[in-house]
Amino acid sequence: MEQEIKRHRDLVMALANKKRLSEIDKKLAMIESTFKINYGYWLKGMIDDSSSSATPDSKVRRSKTSRVETRPDLPEQPIRGFVNESLFLKNFLLKSKGSEEFKTLAIVGKFGVGKTTLCQDVFNDKDVKEAYLPRVWVSMYSEETKEDEGDQKGAVLKRILRSLGVEDEALDSIRTEADEEKRKNAEEGRRDEETVKEKELFRLLNALNSNLFGKRYLIVLDDVWEDNEWSQRLDGEEAQQEKTHLSCGFPKGSGGRVIVTSRDEGLAKKIVGEEENVQRLFPRSDVESVWEIYKDAFGEPMKDENGEVVKDAAGEPMKDAVEKHVIGEDGRPTKWVVNPRYPGRYKKELMDKSGGVPWAAQMLAKIEPLKNDEDKDM
């Protein structure tokens with residue numbers, strides 16, 4: 001896959017160097033090359049995920065090229081096609097408002113199907129905001145993770161504690177206390193089999209439990225991988241006997257909820273337990289939803305010279321015609337338009353190319369058509 005991508009990139013660069021290509025041709029070639037490279041990584045990630053799901057108990061160290069740090073904020077573009085899934089997730093959070101039972105849920109699915117987007121939608125829901133305080137969003141991948149923060153479990157716990165308002169000075173003191181305890185035991189000749197990291201993890205779990213105790217909290221752990229070392233079940237009763245078990249950080253008697261997203265179903269089951277706690281998210285099967293996602297990523301409704309949305313012969317807005325304005329390398333504005341003569345055929349091909357994956361539909365929108373698509377297929 002990577003060799004094919006490299007060959008394609010080299011070919012595009014060679015063609016771009018030829019004088020017979022115009023500047024706009026060069027730009028289009030580079031845009032298409034970039035898309036195919038990213039799309040190739042996505043396809044490779046789909047294959048990797050498929051192979052790893054076949055052996056859920058094995059630790060698969062996958063490439064991190066597709067991992068990004070996520071935020072709880074709603075995306076700029078509208079959320080399309082998750083009506084039923086959103087209702088299910090809200091029902092999980094709101095059905096038993098008075099219940100004090102601790103519950104966990106895992107959202108699993110392939111890269112790009114919308115796990116993060118779905119959780120962002122529910123995380124920002126008005127009723128969910130009223131029902132849960134605090135609400136903490138944790139991106140399991142963080143570009144700001146410090147190298148000296150110890151193991152991955154400790155790094156994640158520190159991110160949660162920071163979201164709860166715990167200052168870095170307090171977190172540093174936890175590490176210092178662990179160091180001093182280990183040193184003091186060694187000086188006094190006491191038997192101490194715990195490492196400094198284990199002592200620190202124990203204190204971090206206690207701090208998390210204290211900050212969440214008595215509160216109806218909602219924690220979202222977005223994009224969990226084996227590399228995060230986060231594979232212990234969070235609701236296990238027997239886990240309370242282990243000082244450094246992750247379950248110890250989450251109080252069980254105040255109606256708290258933890259939602260986990262992951263591409264690895266086997267790993268998700270290790271964290272949330274029973275099959276009934278796993279919700280699978282599949283690619284979209286609704287052609288219109290994928291088309292709307294594509295249009296949102298592409299641009300705005302096509303407008304006439306007066307800035308009005310173009311209408312058809314019946315006087316209705318042409319909802320299947322979209323455009324965007326870009327500035328070329330020569331500084332001149334260019335208008336890119338998608339206005340398929342046969343929308344049904346265009347949408348079907350979009351569905352085939354994207355596989356119903358929202359991220360792939362958005363990536364396809366990055367390929368900018370050269371002109372009005374009145375007499376061309378996609």
# chains A, B, ... in the order shown; residues from 1 in each chain; ligands from 1

call {"tool": "residues_around", "arguments": {"residues": "Lys270 (chain A)", "least_positions_apart": "5", "cutoff": "12 Å", "atoms": "only C-alpha atoms", "output": "JSON, numbers by chain"}}
result
{"A": [56, 57, 104, 105, 106, 224, 225, 226, 229, 230, 231, 232, 233, 234, 235, 236, 260, 262, 264, 265, 275, 277, 278]}

call {"tool": "select_by_dssp", "arguments": {"residues": "region 227-361 of chain A", "states": "strand (DSSP E)", "output": "ChimeraX atom specification"}}
result
/A:257-262,278-280,300-301,322-327,333-338

call {"tool": "write_last_selection", "arguments": {"atoms": "N, CA and C atoms", "output": "PDB file, in the first residue's frame"}}
result
ATOM      1  N   ARG A 257     -21.361   7.636  35.021  1.00  0.00           N
ATOM      2  CA  ARG A 257     -21.338   6.940  33.735  1.00  0.00           C
ATOM      3  C   ARG A 257     -19.976   7.161  33.064  1.00  0.00           C
ATOM      4  N   VAL A 258     -19.464   6.091  32.448  1.00  0.00           N
ATOM      5  CA  VAL A 258     -18.240   6.185  31.659  1.00  0.00           C
ATOM      6  C   VAL A 258     -18.522   5.622  30.272  1.00  0.00           C
ATOM      7  N   ILE A 259     -18.244   6.429  29.234  1.00  0.00           N
ATOM      8  CA  ILE A 259     -18.410   6.000  27.844  1.00  0.00           C
ATOM      9  C   ILE A 259     -17.031   5.887  27.215  1.00  0.00           C
ATOM     10  N   VAL A 260     -16.776   4.759  26.574  1.00  0.00           N
ATOM     11  CA  VAL A 260     -15.494   4.483  25.939  1.00  0.00           C
ATOM     12  C   VAL A 260     -15.705   4.348  24.442  1.00  0.00           C
ATOM     13  N   THR A 261     -14.846   4.950  23.633  1.00  0.00           N
ATOM     14  CA  THR A 261     -14.876   4.696  22.192  1.00  0.00           C
ATOM     15  C   THR A 261     -13.576   4.005  21.801  1.00  0.00           C
ATOM     16  N   SER A 262     -13.681   3.062  20.880  1.00  0.00           N
ATOM     17  CA  SER A 262     -12.493   2.318  20.458  1.00  0.00           C
ATOM     18  C   SER A 262     -12.745   1.661  19.108  1.00  0.00           C
ATOM     19  N   VAL A 278     -21.762  -3.049  24.906  1.00  0.00           N
ATOM     20  CA  VAL A 278     -21.040  -2.664  23.705  1.00  0.00           C
ATOM     21  C   VAL A 278     -22.034  -2.275  22.614  1.00  0.00           C
ATOM     22  N   GLN A 279     -21.889  -1.072  22.091  1.00  0.00           N
ATOM     23  CA  GLN A 279     -22.733  -0.586  21.003  1.00  0.00           C
ATOM     24  C   GLN A 279     -21.869  -0.413  19.769  1.00  0.00           C
ATOM     25  N   ARG A 280     -22.169  -1.163  18.696  1.00  0.00           N
ATOM     26  CA  ARG A 280     -21.377  -1.089  17.468  1.00  0.00           C
ATOM     27  C   ARG A 280     -21.911   0.019  16.558  1.00  0.00           C
ATOM     28  N   GLU A 300     -20.876  25.635  -0.156  1.00  0.00           N
ATOM     29  CA  GLU A 300     -22.174  26.253   0.056  1.00  0.00           C
ATOM     30  C   GLU A 300     -23.093  25.992  -1.140  1.00  0.00           C
ATOM     31  N   PRO A 301     -24.412  26.219  -0.961  1.00  0.00           N
ATOM     32  CA  PRO A 301     -25.327  26.097  -2.107  1.00  0.00           C
ATOM     33  C   PRO A 301     -24.904  27.042  -3.232  1.00  0.00           C
ATOM     34  N   VAL A 322     -23.705  22.562  -5.307  1.00  0.00           N
ATOM     35  CA  VAL A 322     -22.887  23.229  -4.294  1.00  0.00           C
ATOM     36  C   VAL A 322     -21.640  23.823  -4.933  1.00  0.00           C
ATOM     37  N   GLU A 323     -21.104  24.850  -4.280  1.00  0.00           N
ATOM     38  CA  GLU A 323     -19.941  25.535  -4.816  1.00  0.00           C
ATOM     39  C   GLU A 323     -19.049  26.011  -3.674  1.00  0.00           C
ATOM     40  N   LYS A 324     -17.800  26.311  -4.030  1.00  0.00           N
ATOM     41  CA  LYS A 324     -16.914  26.983  -3.078  1.00  0.00           C
ATOM     42  C   LYS A 324     -15.926  27.824  -3.868  1.00  0.00           C
ATOM     43  N   HIS A 325     -15.450  28.857  -3.223  1.00  0.00           N
ATOM     44  CA  HIS A 325     -14.531  29.789  -3.856  1.00  0.00           C
ATOM     45  C   HIS A 325     -13.147  29.609  -3.248  1.00  0.00           C
ATOM     46  N   VAL A 326     -12.148  29.493  -4.103  1.00  0.00           N
ATOM     47  CA  VAL A 326     -10.768  29.348  -3.651  1.00  0.00           C
ATOM     48  C   VAL A 326      -9.897  30.376  -4.360  1.00  0.00           C
ATOM     49  N   ILE A 327      -8.779  30.680  -3.737  1.00  0.00           N
ATOM     50  CA  ILE A 327      -7.814  31.598  -4.340  1.00  0.00           C
ATOM     51  C   ILE A 327      -6.652  30.774  -4.872  1.00  0.00           C
ATOM     52  N   PRO A 333      -9.292  34.486  -7.895  1.00  0.00           N
ATOM     53  CA  PRO A 333     -10.336  33.618  -7.334  1.00  0.00           C
ATOM     54  C   PRO A 333     -10.865  32.631  -8.372  1.00  0.00           C
ATOM     55  N   THR A 334     -11.187  31.445  -7.906  1.00  0.00           N
ATOM     56  CA  THR A 334     -11.747  30.404  -8.767  1.00  0.00           C
ATOM     57  C   THR A 334     -12.968  29.801  -8.069  1.00  0.00           C
ATOM     58  N   LYS A 335     -14.003  29.533  -8.828  1.00  0.00           N
ATOM     59  CA  LYS A 335     -15.210  28.911  -8.263  1.00  0.00           C
ATOM     60  C   LYS A 335     -15.267  27.452  -8.679  1.00  0.00           C
ATOM     61  N   TRP A 336     -15.354  26.571  -7.680  1.00  0.00           N
ATOM     62  CA  TRP A 336     -15.507  25.141  -7.942  1.00  0.00           C
ATOM     63  C   TRP A 336     -16.964  24.758  -7.724  1.00  0.00           C
ATOM     64  N   VAL A 337     -17.526  23.989  -8.635  1.00  0.00           N
ATOM     65  CA  VAL A 337     -18.950  23.671  -8.578  1.00  0.00           C
ATOM     66  C   VAL A 337     -19.191  22.172  -8.754  1.00  0.00           C
ATOM     67  N   VAL A 338     -20.092  21.636  -7.948  1.00  0.00           N
ATOM     68  CA  VAL A 338     -20.630  20.293  -8.162  1.00  0.00           C
ATOM     69  C   VAL A 338     -22.124  20.449  -8.407  1.00  0.00           C
TER      70      VAL A 338
END

call {"tool": "closest_residue", "arguments": {"among": "A:Ser210, A:Gln77, A:Ser285, A:Ser99", "to": "Gly253 (chain A)", "atoms": "only C-alpha atoms"}}
result
A:Ser99

call {"tool": "atom_distance", "arguments": {"atom1": "CA of Tyr217 (chain A)", "atom2": "CA of Val136 (chain A)"}}
result
7.9 Å

call {"tool": "atom_distance", "arguments": {"atom1": "CA of Ser354 (chain A)", "atom2": "CA of Lys115 (chain A)"}}
result
16.5 Å
